[in-house]
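Novice: Okay, so here is final_35.cif, and as you'll see once you scroll down, it has mmCIF, C-alpha atoms.
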data_query
#
loop_
_atom_site.label_atom_id
_atom_site.label_comp_id
_atom_site.auth_asym_id
_atom_site.auth_seq_id
_atom_site.Cartn_x
_atom_site.Cartn_y
_atom_site.Cartn_z
CA MET M 1 0.00 0.00 0.00
CA THR M 2 1.43 3.37 -0.96
CA ARG M 3 1.65 6.35 1.30
CA ASN M 4 -1.07 8.15 -0.69
CA GLU M 5 -3.49 5.22 -0.31
CA GLU M 6 -2.84 5.12 3.45
CA GLY M 7 -3.56 8.85 3.69
CA GLU M 8 -6.84 8.48 1.81
CA GLU M 9 -7.86 5.58 4.07
CA VAL M 10 -7.14 7.64 7.20
CA VAL M 11 -9.14 10.58 5.83
CA ALA M 12 -12.06 8.26 4.97
CA LYS M 13 -12.07 6.77 8.49
CA ARG M 14 -11.88 10.21 10.10
CA THR M 15 -14.75 11.46 7.95
CA ARG M 16 -16.83 8.40 8.83
CA ILE M 17 -16.18 8.94 12.55
CA GLN M 18 -17.25 12.58 12.20
CA GLU M 19 -20.43 11.47 10.47
CA VAL M 20 -21.22 8.96 13.25
CA VAL M 21 -20.65 11.70 15.84
CA GLN M 22 -22.92 14.01 13.85
CA VAL M 23 -25.70 11.40 13.82
CA ALA M 24 -25.24 10.89 17.57
CA LEU M 25 -25.51 14.66 18.12
CA ARG M 26 -28.75 14.72 16.14
CA GLY M 27 -30.05 11.89 18.32
CA GLY M 28 -29.09 13.91 21.39
CA SER M 29 -30.88 16.95 20.01
CA LEU M 30 -33.98 14.86 19.34
CA ALA M 31 -33.93 13.37 22.83
CA ALA M 32 -33.32 16.72 24.55
CA SER M 33 -36.00 18.62 22.63
CA ALA M 34 -38.59 15.83 22.97
CA THR M 35 -37.94 15.53 26.70
CA ALA M 36 -38.02 19.32 27.14
CA MET M 37 -41.38 19.45 25.40
CA ALA M 38 -42.78 16.55 27.46
CA VAL M 39 -41.60 18.08 30.74
CA MET M 40 -43.02 21.49 29.82
CA LEU M 41 -46.37 19.95 28.84
CA THR M 42 -46.63 18.34 32.28
CA ALA M 43 -45.90 21.63 34.08
CA SER M 44 -49.12 22.35 35.93
CA GLU M 45 -49.91 22.91 39.60
CA GLU M 46 -52.35 24.56 42.00
CA GLY M 47 -51.60 25.97 45.43
CA VAL M 48 -52.57 28.56 48.05
CA ALA M 49 -50.41 31.62 48.78
CA ASP M 50 -50.63 33.75 51.91
CA ILE M 51 -50.36 37.46 51.02
CA TYR M 52 -50.68 39.75 54.04
CA GLY M 53 -52.96 37.25 55.76
CA PHE M 54 -55.19 36.72 52.75
CA LYS M 55 -55.35 33.23 51.25
CA LEU M 56 -55.00 33.42 47.49
CA THR M 57 -55.50 30.35 45.31
CA LEU M 58 -52.85 30.10 42.60
CA SER M 59 -53.06 27.93 39.54
CA SER M 60 -50.44 27.69 36.85
CA ASN M 61 -50.08 25.85 33.60
CA TRP M 62 -47.48 26.16 30.86
CA SER M 63 -50.16 27.40 28.45
CA PHE M 64 -50.80 30.53 30.55
CA SER M 65 -47.53 32.11 29.37
CA PRO M 66 -46.76 33.02 25.75
CA SER M 67 -43.07 32.45 26.49
CA TYR M 68 -43.72 28.87 27.55
CA GLN M 69 -45.94 28.35 24.50
CA TYR M 70 -42.99 29.53 22.40
CA VAL M 71 -40.75 26.98 24.15
CA VAL M 72 -43.20 24.17 23.32
CA GLY M 73 -43.45 25.33 19.69
CA ALA M 74 -39.68 25.60 19.30
CA CYS M 75 -39.20 22.16 20.86
CA THR M 76 -41.76 20.68 18.49
CA ALA M 77 -40.11 22.18 15.40
CA THR M 78 -36.63 21.17 16.54
CA MET M 79 -37.80 17.68 17.43
CA LEU M 80 -39.27 17.17 13.95
CA TYR M 81 -36.15 18.56 12.26
CA SER M 82 -33.86 16.40 14.39
CA LEU M 83 -35.98 13.32 13.73
CA PHE M 84 -35.79 13.90 9.97
CA GLN M 85 -32.03 14.48 10.08
CA LEU M 86 -31.48 11.48 12.36
CA CYS M 87 -33.43 9.13 10.09
CA PHE M 88 -31.68 10.50 7.02
CA GLY M 89 -28.25 10.19 8.67
CA VAL M 90 -28.84 6.63 9.92
CA TYR M 91 -30.04 5.60 6.47
CA ARG M 92 -26.93 7.11 4.89
CA LEU M 93 -24.66 5.42 7.43
CA LEU M 94 -26.29 2.02 6.90
CA THR M 95 -26.02 2.28 3.12
CA GLY M 96 -22.40 3.38 3.34
CA SER M 97 -22.91 6.66 1.52
CA PRO M 98 -21.74 9.99 2.95
CA ILE M 99 -24.23 11.94 5.06
CA THR M 100 -23.43 15.15 3.23
CA PRO M 101 -22.55 14.09 -0.34
CA SER M 102 -22.23 17.61 -1.70
CA ARG M 103 -21.03 20.99 -0.49
CA PHE M 104 -24.52 22.40 -1.10
CA GLN M 105 -26.06 19.81 1.20
CA ALA M 106 -23.38 20.47 3.82
CA TRP M 107 -24.15 24.20 3.68
CA LEU M 108 -27.86 23.42 3.92
CA CYS M 109 -27.28 21.27 7.03
CA PHE M 110 -25.06 23.97 8.53
CA THR M 111 -27.69 26.66 7.93
CA SER M 112 -30.53 24.50 9.24
CA ASP M 113 -28.58 23.54 12.36
CA GLN M 114 -27.85 27.20 12.99
CA LEU M 115 -31.47 28.19 12.43
CA PHE M 116 -32.90 25.58 14.79
CA GLY M 117 -30.11 26.08 17.31
CA TYR M 118 -30.84 29.78 17.56
CA LEU M 119 -34.56 29.03 17.69
CA MET M 120 -33.91 26.89 20.76
CA MET M 121 -31.65 29.54 22.29
CA SER M 122 -34.27 32.27 21.83
CA ALA M 123 -37.02 30.05 23.24
CA GLY M 124 -34.89 29.16 26.25
CA SER M 125 -34.06 32.81 26.82
CA ALA M 126 -37.72 33.85 26.61
CA GLY M 127 -38.73 31.12 29.04
CA SER M 128 -35.87 31.97 31.41
CA GLY M 129 -37.08 35.54 31.79
CA VAL M 130 -40.53 34.44 32.89
CA THR M 131 -39.08 31.74 35.14
CA ASN M 132 -36.77 34.24 36.83
CA LEU M 133 -39.73 36.55 37.46
CA ASN M 134 -41.69 33.63 38.92
CA LYS M 135 -38.79 32.73 41.20
CA THR M 136 -37.85 36.19 42.46
CA GLY M 137 -41.29 37.79 42.51
CA ILE M 138 -42.03 41.34 41.50
CA ARG M 139 -39.88 43.53 43.72
CA HIS M 140 -41.86 46.78 43.46
CA THR M 141 -45.17 45.13 44.43
CA PRO M 142 -46.08 43.10 47.50
CA LEU M 143 -46.47 39.90 45.45
CA PRO M 144 -44.20 37.14 46.77
CA ASP M 145 -42.28 34.79 44.59
CA PHE M 146 -44.49 32.37 42.76
CA CYS M 147 -42.22 29.34 43.18
CA LYS M 148 -42.61 29.03 46.94
CA THR M 149 -46.23 28.07 46.48
CA LEU M 150 -45.93 26.24 43.14
CA SER M 151 -42.51 24.60 43.45
CA SER M 152 -43.35 21.56 41.32
CA PHE M 153 -44.43 23.78 38.44
CA CYS M 154 -41.25 25.85 38.68
CA ASN M 155 -39.07 22.72 38.84
CA HIS M 156 -40.73 21.31 35.71
CA VAL M 157 -40.18 24.55 33.84
CA ALA M 158 -36.56 24.83 35.00
CA LEU M 159 -35.79 21.27 33.88
CA SER M 160 -37.47 21.90 30.55
CA LEU M 161 -35.39 25.03 29.98
CA LEU M 162 -32.20 23.18 30.90
CA LEU M 163 -33.03 20.59 28.25
CA VAL M 164 -33.79 23.35 25.73
CA PHE M 165 -30.30 24.77 26.24
CA LEU M 166 -28.83 21.25 26.01
CA SER M 167 -30.57 20.80 22.67
CA PHE M 168 -28.97 24.06 21.53
CA ILE M 169 -25.54 22.69 22.48
CA PHE M 170 -26.18 19.52 20.45
CA LEU M 171 -27.23 21.55 17.40
CA ALA M 172 -24.28 23.93 17.72
CA SER M 173 -21.89 20.98 17.97
CA SER M 174 -23.45 19.39 14.90
CA SER M 175 -23.05 22.66 13.06
CA PHE M 176 -19.39 22.80 14.12
CA ILE M 177 -18.77 19.30 12.75
CA THR M 178 -20.40 20.32 9.47
CA VAL M 179 -17.93 23.22 9.29
CA ILE M 180 -15.07 20.78 9.81
CA LEU M 181 -16.43 18.57 7.02
CA LEU M 182 -16.78 21.62 4.76
CA SER M 183 -13.24 22.79 5.45
CA SER M 184 -11.75 19.33 4.81
CA THR M 185 -13.45 18.97 1.40
CA ALA M 186 -12.34 22.35 0.10
#
Now that the file is in, can you turn its structure into structure tokens?
Specialist:
Amino acid sequence: MTRNEEGEEVVAKRTRIQEVVQVALRGGSLAASATAMAVMLTASEEGVADIYGFKLTLSSNWSFSPSYQYVVGACTATMLYSLFQLCFGVYRLLTGSPITPSRFQAWLCFTSDQLFGYLMMSAGSAGSGVTNLNKTGIRHTPLPDFCKTLSSFCNHVALSLLLVFLSFIFLASSSFITVILLSSTA
């Protein structure tokens, strides 16, 4: 075997490993976004708060907040995208063909990963603002923090937002690997 053939074999193995990692990252994104959506959909609780001696019944559900609705919508879109990419990638791996056979398709995957990654980041940021307000209360009014009374609801939302940010990390990593693949096929 010549030195050139050995070099091509090493490059092919490295590319295949990168493709397997990329499929695994898409699986992680699918799992994180699906779990985030499921946890957010189960975020619901009722409780009684004591405000200056008055008993106030509190009820909360994820659908009461537009920010949490945005989180569920973003998780749904990202979950569907990740499922499509995961199925496509597994099919390509099993048939032995490259996941991104052309530069155009690699750029399309890069752009889509960026788009859905930033969608998840913006949804997580929107949800975090509302969650922080629920946890700290409104300082210029006598309303106490919401999470003392409805701790289960707040814990569900916090876990969901953690998984939303994890999904972003998976998509950003997949995008990074696509850049590596693009730069090695220049």
Novice: Find the distance between CA of Phe176 in chain M and CA of Thr35 in chain M and write it in Å to one decimal.
Specialist: 23.6 Å
Novice: With a distance cut-off of 10 Å and all atoms listed in the file, select the neighbouring residues of Ser67 in chain M, excluding the residue or stretch itself and same-chain residues fewer than 6 positions from it, and output the selection as a PyMOL selection string.
Specialist: chain M and resi 73+122-131
Novice: List the residues matched by the PyMOL selection byres ((chain M and resi 82) around 8) in the displayed structure as a PDB file with C-alpha atoms, in the frame of the given file, ordered by chain and then by residue number.
Specialist:
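Written output follows (result-v2.pdb):
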ATOM      1  CA  ARG M  26     -28.750  14.720  16.140  1.00  0.00           C
ATOM      2  CA  GLY M  27     -30.050  11.890  18.320  1.00  0.00           C
ATOM      3  CA  SER M  29     -30.880  16.950  20.010  1.00  0.00           C
ATOM      4  CA  LEU M  30     -33.980  14.860  19.340  1.00  0.00           C
ATOM      5  CA  THR M  78     -36.630  21.170  16.540  1.00  0.00           C
ATOM      6  CA  MET M  79     -37.800  17.680  17.430  1.00  0.00           C
ATOM      7  CA  LEU M  80     -39.270  17.170  13.950  1.00  0.00           C
ATOM      8  CA  TYR M  81     -36.150  18.560  12.260  1.00  0.00           C
ATOM      9  CA  LEU M  83     -35.980  13.320  13.730  1.00  0.00           C
ATOM     10  CA  PHE M  84     -35.790  13.900   9.970  1.00  0.00           C
ATOM     11  CA  GLN M  85     -32.030  14.480  10.080  1.00  0.00           C
ATOM     12  CA  LEU M  86     -31.480  11.480  12.360  1.00  0.00           C
TER      13      LEU M  86
END
Novice: For the PyMOL selection byres ((chain M and resi 163-175) around 7), applied here, can you spell out every residue it catches as number ranges by chain?
Specialist: M: 22, 25-26, 28-29, 32-33, 36, 110, 113-114, 117, 120-121, 124, 159-162, 176-179
Novice: Can I get the selection written as an mmCIF file, keeping the file's coordinate frame, with C-alpha atoms?
Specialist:
data_model
loop_
_atom_site.group_PDB
_atom_site.id
_atom_site.type_symbol
_atom_site.label_atom_id
_atom_site.label_comp_id
_atom_site.auth_asym_id
_atom_site.auth_seq_id
_atom_site.Cartn_x
_atom_site.Cartn_y
_atom_site.Cartn_z
ATOM 1 C CA GLN M 22 -22.920 14.010 13.850
ATOM 2 C CA LEU M 25 -25.510 14.660 18.120
ATOM 3 C CA ARG M 26 -28.750 14.720 16.140
ATOM 4 C CA GLY M 28 -29.090 13.910 21.390
ATOM 5 C CA SER M 29 -30.880 16.950 20.010
ATOM 6 C CA ALA M 32 -33.320 16.720 24.550
ATOM 7 C CA SER M 33 -36.000 18.620 22.630
ATOM 8 C CA ALA M 36 -38.020 19.320 27.140
ATOM 9 C CA PHE M 110 -25.060 23.970 8.530
ATOM 10 C CA ASP M 113 -28.580 23.540 12.360
ATOM 11 C CA GLN M 114 -27.850 27.200 12.990
ATOM 12 C CA GLY M 117 -30.110 26.080 17.310
ATOM 13 C CA MET M 120 -33.910 26.890 20.760
ATOM 14 C CA MET M 121 -31.650 29.540 22.290
ATOM 15 C CA GLY M 124 -34.890 29.160 26.250
ATOM 16 C CA LEU M 159 -35.790 21.270 33.880
ATOM 17 C CA SER M 160 -37.470 21.900 30.550
ATOM 18 C CA LEU M 161 -35.390 25.030 29.980
ATOM 19 C CA LEU M 162 -32.200 23.180 30.900
ATOM 20 C CA PHE M 176 -19.390 22.800 14.120
ATOM 21 C CA ILE M 177 -18.770 19.300 12.750
ATOM 22 C CA THR M 178 -20.400 20.320 9.470
ATOM 23 C CA VAL M 179 -17.930 23.220 9.290
#
Novice: So the first atom is CA of Val48 in chain M and the second is CA of Val72 in chain M; what is the distance between them in Å, to one decimal place?
Specialist: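 CA of Val72 in chain M lies 26.8 Å from CA of Val48 in chain M.
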Novice: Let me make sure I understand: among M:Leu93, M:Ile51, M:Val39, M:Ala24, which one has the smallest atom-to-atom distance to Asp145 in chain M if we use all atoms listed in the file?
Specialist: M:Ile51
Novice: Which is closer to Gln69 in chain M than all the others in M:Leu115, M:Val21, M:Leu133, M:Val157, using all atoms listed in the file?
Specialist: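 Of M:Leu115, M:Val21, M:Leu133, M:Val157, the one nearest Gln69 in chain M, counting all atoms listed in the file, is M:Val157.
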Novice: Rounded to one decimal in Å, what is the spacing between CA of Phe146 in chain M and CA of Asp50 in chain M?
Specialist: 11.1 Å
Novice: Select, from M:Ser97, M:Gln18, M:Asn134, M:Ser63, the residue with the minimum atom-to-atom distance to Leu150 in chain M, counting all atoms listed in the file.
Specialist: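 Comparing M:Ser97, M:Gln18, M:Asn134, M:Ser63 against Leu150 in chain M, the winner is M:Asn134.
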Novice: Could you give me, as an NGL selection string, the residues within 7 Å of Trp62 in chain M, counting all atoms listed in the file and dropping anything in the same chain fewer than 5 positions from it?
Specialist: :M and (40-41 or 43-44 or 68-69)
Novice: Return the single residue from M:Phe88, M:Val71, M:Glu46, M:Val23 that is closest to Lys148 in chain M, with distances computed using all atoms listed in the file.
Specialist: M:Glu46
Novice: Would you mind telling me which residue in M:Ser152, M:Thr76, M:Thr57, M:Ser112 lies nearest to Ala34 in chain M when using only C-alpha atoms?
Specialist: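 For Ala34 in chain M, the nearest of the given residues is M:Thr76.
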Novice: Can you work out which one of M:Tyr70, M:Ala31, M:Lys55, M:Leu181 has the shortest atom-to-atom distance to Arg16 in chain M, counting all atoms listed in the file?
Specialist: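 Ranked by minimum distance to Arg16 in chain M, first place goes to M:Leu181.
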